[in-house]
Structure formats: C-alpha cells, structure tokens
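Raw contents of coords_16.csv, CSV, N, CA and C atoms:
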```csv
chain,number,residue,atom,x,y,z
A,283,VAL,N,30.7,7.2,39.3
A,283,VAL,CA,30.9,6.8,37.9
A,283,VAL,C,31.6,8.0,37.3
A,284,HIS,N,32.7,7.7,36.6
A,284,HIS,CA,33.4,8.7,35.8
A,284,HIS,C,32.8,8.9,34.4
A,285,ILE,N,32.6,10.1,34.1
A,285,ILE,CA,32.0,10.5,32.8
A,285,ILE,C,33.2,10.9,31.9
A,286,LYS,N,33.4,10.2,30.8
A,286,LYS,CA,34.5,10.5,29.9
A,286,LYS,C,34.2,10.0,28.6
A,287,ASP,N,34.6,10.6,27.5
A,287,ASP,CA,34.3,10.1,26.2
A,287,ASP,C,35.5,10.0,25.3
A,288,GLY,N,35.4,9.2,24.3
A,288,GLY,CA,36.6,9.0,23.4
A,288,GLY,C,36.2,8.4,22.1
A,289,ILE,N,37.1,8.4,21.2
A,289,ILE,CA,37.0,7.8,19.9
A,289,ILE,C,37.8,6.5,19.9
A,290,ARG,N,37.2,5.4,19.5
A,290,ARG,CA,37.9,4.1,19.5
A,290,ARG,C,39.0,4.2,18.5
A,291,THR,N,40.1,3.5,18.8
A,291,THR,CA,41.2,3.4,17.9
A,291,THR,C,40.9,2.3,16.8
A,292,LYS,N,41.5,2.5,15.7
A,292,LYS,CA,41.3,1.5,14.6
A,292,LYS,C,42.5,0.5,14.6
A,293,VAL,N,43.4,0.7,15.6
A,293,VAL,CA,44.6,-0.1,15.7
A,293,VAL,C,44.5,-0.9,17.0
A,294,SER,N,44.4,-2.2,16.9
A,294,SER,CA,44.3,-3.1,18.0
A,294,SER,C,45.5,-2.9,19.0
A,295,GLY,N,45.2,-2.7,20.2
A,295,GLY,CA,46.3,-2.6,21.2
A,295,GLY,C,46.7,-1.2,21.5
A,296,GLU,N,46.2,-0.2,20.8
A,296,GLU,CA,46.5,1.2,21.0
A,296,GLU,C,45.3,1.9,21.7
A,297,TRP,N,45.6,3.0,22.4
A,297,TRP,CA,44.6,3.8,23.0
A,297,TRP,C,43.9,4.6,22.0
A,298,GLY,N,42.6,4.9,22.2
A,298,GLY,CA,41.8,5.8,21.3
A,298,GLY,C,42.1,7.2,21.7
A,299,GLU,N,41.3,8.1,21.2
A,299,GLU,CA,41.5,9.5,21.5
A,299,GLU,C,40.4,10.0,22.5
A,300,GLU,N,40.9,10.7,23.6
A,300,GLU,CA,39.9,11.3,24.5
A,300,GLU,C,39.4,12.5,23.8
A,301,VAL,N,38.0,12.7,23.9
A,301,VAL,CA,37.4,13.9,23.3
A,301,VAL,C,36.4,14.5,24.3
A,302,VAL,N,35.9,15.6,24.0
A,302,VAL,CA,34.9,16.3,24.9
A,302,VAL,C,33.6,15.3,25.0
A,303,VAL,N,33.1,15.2,26.2
A,303,VAL,CA,31.9,14.4,26.4
A,303,VAL,C,30.8,14.8,25.5
A,304,GLY,N,30.3,13.8,24.8
A,304,GLY,CA,29.2,14.1,23.8
A,304,GLY,C,29.6,14.1,22.4
A,305,THR,N,31.0,14.1,22.2
A,305,THR,CA,31.5,14.2,20.8
A,305,THR,C,32.2,12.9,20.4
A,306,GLY,N,32.2,11.9,21.2
A,306,GLY,CA,32.9,10.7,20.9
A,306,GLY,C,32.0,9.5,20.6
A,307,ASP,N,32.4,8.3,20.9
A,307,ASP,CA,31.7,7.1,20.5
A,307,ASP,C,30.8,6.6,21.6
A,308,VAL,N,30.7,7.1,22.8
A,308,VAL,CA,29.9,6.7,23.8
A,308,VAL,C,28.4,7.0,23.5
A,309,ASP,N,27.6,6.0,23.6
A,309,ASP,CA,26.1,6.1,23.5
A,309,ASP,C,25.5,6.5,24.8
A,310,TRP,N,25.4,7.8,25.1
A,310,TRP,CA,25.1,8.3,26.4
A,310,TRP,C,23.7,8.0,26.8
A,311,LYS,N,22.7,7.9,25.9
A,311,LYS,CA,21.4,7.6,26.2
A,311,LYS,C,21.3,6.1,26.7
A,312,ALA,N,22.0,5.2,26.1
A,312,ALA,CA,22.1,3.8,26.5
A,312,ALA,C,22.9,3.7,27.8
A,313,PHE,N,23.9,4.5,28.0
A,313,PHE,CA,24.7,4.5,29.2
A,313,PHE,C,23.8,4.8,30.4
A,314,PHE,N,23.1,6.0,30.3
A,314,PHE,CA,22.3,6.4,31.4
A,314,PHE,C,21.0,5.5,31.6
A,315,ALA,N,20.5,4.9,30.5
A,315,ALA,CA,19.4,3.9,30.7
A,315,ALA,C,19.9,2.7,31.4
A,316,THR,N,21.1,2.3,31.2
A,316,THR,CA,21.7,1.1,31.9
A,316,THR,C,21.9,1.5,33.4
A,317,LEU,N,22.3,2.7,33.7
A,317,LEU,CA,22.5,3.1,35.1
A,317,LEU,C,21.1,3.1,35.8
A,318,ASP,N,20.1,3.6,35.1
A,318,ASP,CA,18.7,3.5,35.6
A,318,ASP,C,18.2,2.1,35.9
A,319,GLU,N,18.5,1.2,34.9
A,319,GLU,CA,18.1,-0.2,35.0
A,319,GLU,C,18.7,-0.9,36.2
A,320,VAL,N,19.9,-0.6,36.6
A,320,VAL,CA,20.5,-1.2,37.7
A,320,VAL,C,20.3,-0.5,39.0
A,321,GLY,N,19.6,0.6,39.0
A,321,GLY,CA,19.3,1.4,40.2
A,321,GLY,C,20.4,2.2,40.7
A,322,PHE,N,21.3,2.6,39.9
A,322,PHE,CA,22.4,3.4,40.3
A,322,PHE,C,22.0,4.8,40.8
A,323,THR,N,22.4,5.1,42.0
A,323,THR,CA,22.0,6.4,42.7
A,323,THR,C,23.3,7.2,43.2
A,324,GLY,N,24.4,6.8,42.7
A,324,GLY,CA,25.7,7.4,43.2
A,324,GLY,C,26.0,8.7,42.4
A,325,ASP,N,27.2,9.1,42.6
A,325,ASP,CA,27.7,10.3,42.0
A,325,ASP,C,28.3,10.1,40.6
A,326,LEU,N,28.2,11.2,39.9
A,326,LEU,CA,28.9,11.2,38.5
A,326,LEU,C,30.0,12.2,38.6
A,327,CYS,N,31.1,11.9,38.0
A,327,CYS,CA,32.3,12.8,38.0
A,327,CYS,C,32.8,12.9,36.6
A,328,ILE,N,32.7,14.1,36.0
A,328,ILE,CA,33.1,14.4,34.7
A,328,ILE,C,34.6,14.5,34.7
A,329,GLU,N,35.3,13.8,33.8
A,329,GLU,CA,36.7,13.7,33.7
A,329,GLU,C,37.2,14.2,32.4
A,330,ARG,N,38.2,15.1,32.4
A,330,ARG,CA,38.8,15.5,31.1
A,330,ARG,C,40.3,15.7,31.3
A,331,GLU,N,41.0,14.8,30.7
A,331,GLU,CA,42.5,14.8,30.9
A,331,GLU,C,43.2,15.4,29.7
A,332,ALA,N,42.6,15.5,28.5
A,332,ALA,CA,43.3,16.0,27.3
A,332,ALA,C,42.6,17.4,27.0
A,333,GLY,N,43.3,18.0,26.0
A,333,GLY,CA,42.7,19.3,25.5
A,333,GLY,C,43.3,20.5,26.2
A,334,THR,N,43.1,21.6,25.7
A,334,THR,CA,43.6,22.9,26.2
A,334,THR,C,42.5,23.7,26.9
A,335,MET,N,41.3,23.3,26.8
A,335,MET,CA,40.1,24.0,27.4
A,335,MET,C,39.3,23.1,28.3
A,336,ARG,N,40.0,22.5,29.2
A,336,ARG,CA,39.4,21.5,30.1
A,336,ARG,C,38.2,22.0,30.9
A,337,VAL,N,38.3,23.2,31.5
A,337,VAL,CA,37.2,23.7,32.3
A,337,VAL,C,36.0,24.0,31.4
A,338,ALA,N,36.2,24.5,30.2
A,338,ALA,CA,35.1,24.8,29.3
A,338,ALA,C,34.5,23.4,28.8
A,339,ASP,N,35.4,22.4,28.6
A,339,ASP,CA,34.9,21.1,28.1
A,339,ASP,C,34.1,20.4,29.2
A,340,ILE,N,34.5,20.6,30.5
A,340,ILE,CA,33.7,20.0,31.6
A,340,ILE,C,32.4,20.7,31.7
A,341,ALA,N,32.4,22.0,31.6
A,341,ALA,CA,31.1,22.8,31.6
A,341,ALA,C,30.2,22.3,30.5
A,342,ALA,N,30.7,22.1,29.3
A,342,ALA,CA,29.9,21.6,28.2
A,342,ALA,C,29.4,20.2,28.4
A,343,ALA,N,30.2,19.4,29.0
A,343,ALA,CA,29.8,18.0,29.3
A,343,ALA,C,28.7,18.0,30.4
A,344,ARG,N,28.8,18.9,31.3
A,344,ARG,CA,27.7,19.0,32.4
A,344,ARG,C,26.4,19.3,31.7
A,345,VAL,N,26.4,20.3,30.8
A,345,VAL,CA,25.1,20.7,30.1
A,345,VAL,C,24.6,19.5,29.4
A,346,MET,N,25.4,18.7,28.7
A,346,MET,CA,25.0,17.6,27.9
A,346,MET,C,24.4,16.5,28.8
A,347,VAL,N,25.1,16.2,29.9
A,347,VAL,CA,24.7,15.2,30.9
A,347,VAL,C,23.3,15.6,31.5
A,348,GLU,N,23.2,16.8,31.9
A,348,GLU,CA,22.0,17.3,32.5
A,348,GLU,C,20.8,17.2,31.5
A,349,GLY,N,21.1,17.4,30.3
A,349,GLY,CA,20.0,17.3,29.2
A,349,GLY,C,19.6,15.9,29.0
A,350,ILE,N,20.4,14.9,29.2
A,350,ILE,CA,20.0,13.5,29.0
A,350,ILE,C,19.3,13.0,30.2
A,351,GLU,N,19.7,13.4,31.4
A,351,GLU,CA,19.0,12.9,32.6
A,351,GLU,C,17.7,13.6,32.9
A,352,ALA,N,17.4,14.7,32.2
A,352,ALA,CA,16.2,15.4,32.5
A,352,ALA,C,14.9,14.7,32.0
```
Representation of the structure as structure tokens:
Amino acid sequence: VHIKDGIRTKVSGEWGEEVVVGTGDVDWKAFFATLDEVGFTGDLCIEREAGTMRVADIAAARVMVEGIEA
C-alpha cells in the first residue's frame, strides 16, 4: 500500500495538491482501521513526489504512521 496524502481540489477534473502525510484530507485512523478489518498484512510504502524536503517529509510521515499503528 502506498502512503500518500493530499488536499482535494475544489475544481472538478483537476488534481488536488500533494502534501506531507498527516497534513491533508486523508482520515488515517479510518484508513488503518479498514486495513485491519480486511486483514491486510502487506507492506506500506511512504511516497512523496512534491516538495523540497522529501526525505524529511518521509521521516515525519513514518513517525505519524507508527503512532497510529501503535
């Protein structure tokens, strides 16, 4: 599963804005609850394609994700 966050666009047919995981519109508690419900045991891959501090953004995302799964 790819872990990525964004802000929904207000304009139909256009892409939203990719943001640091945990700062966008994704409901991460619900997301991980759903993975648990379906018995997902695979890998998670944090993805960051935008921004100028991608490594730091990925590190921050990891902390956020580990905090939810704990």
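When CA of Arg336 (chain A) is paired with CA of Thr305 (chain A), their separation reads 14.2 Å.
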Strand (DSSP E or B) positions in chain A, given as a list in words: His284, Ile285, Asp287, Gly288, Ile289, Glu299, Glu300, Val301, Cys327 and Ile328 of chain A
Who sits within 10 Å of region 338-352 of chain A, only C-alpha atoms, same chain under 5 positions skipped, as a PyMOL selection string: chain A and resi 285-287+301-305+310-311+314-315+318+326-330+332-333
Atom C of Met335 (chain A) to atom C of Thr316 (chain A), straight-line distance in Å: 28.2 Å
Which of chain A DSSP labels helix (DSSP H, G or I), written as a PyMOL selection string: chain A and resi 310-319+336-351
Atomic distance atom C of His284 (chain A) - CA of Asp325 (chain A), expressed in Å with one decimal: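 So the two atoms, atom C of His284 (chain A) and CA of Asp325 (chain A), lie 9.3 Å apart.
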Kindly list the centre and edge lengths in Å, rounded to one decimal, for the axis-aligned box that covers all listed atoms of region 340-350 of chain A plus 8 Å on each of its six sides, as JSON.
```
{"center_x": 26.9, "center_y": 17.9, "center_z": 30.2, "size_x": 31.2, "size_y": 25.8, "size_z": 20.6}
```
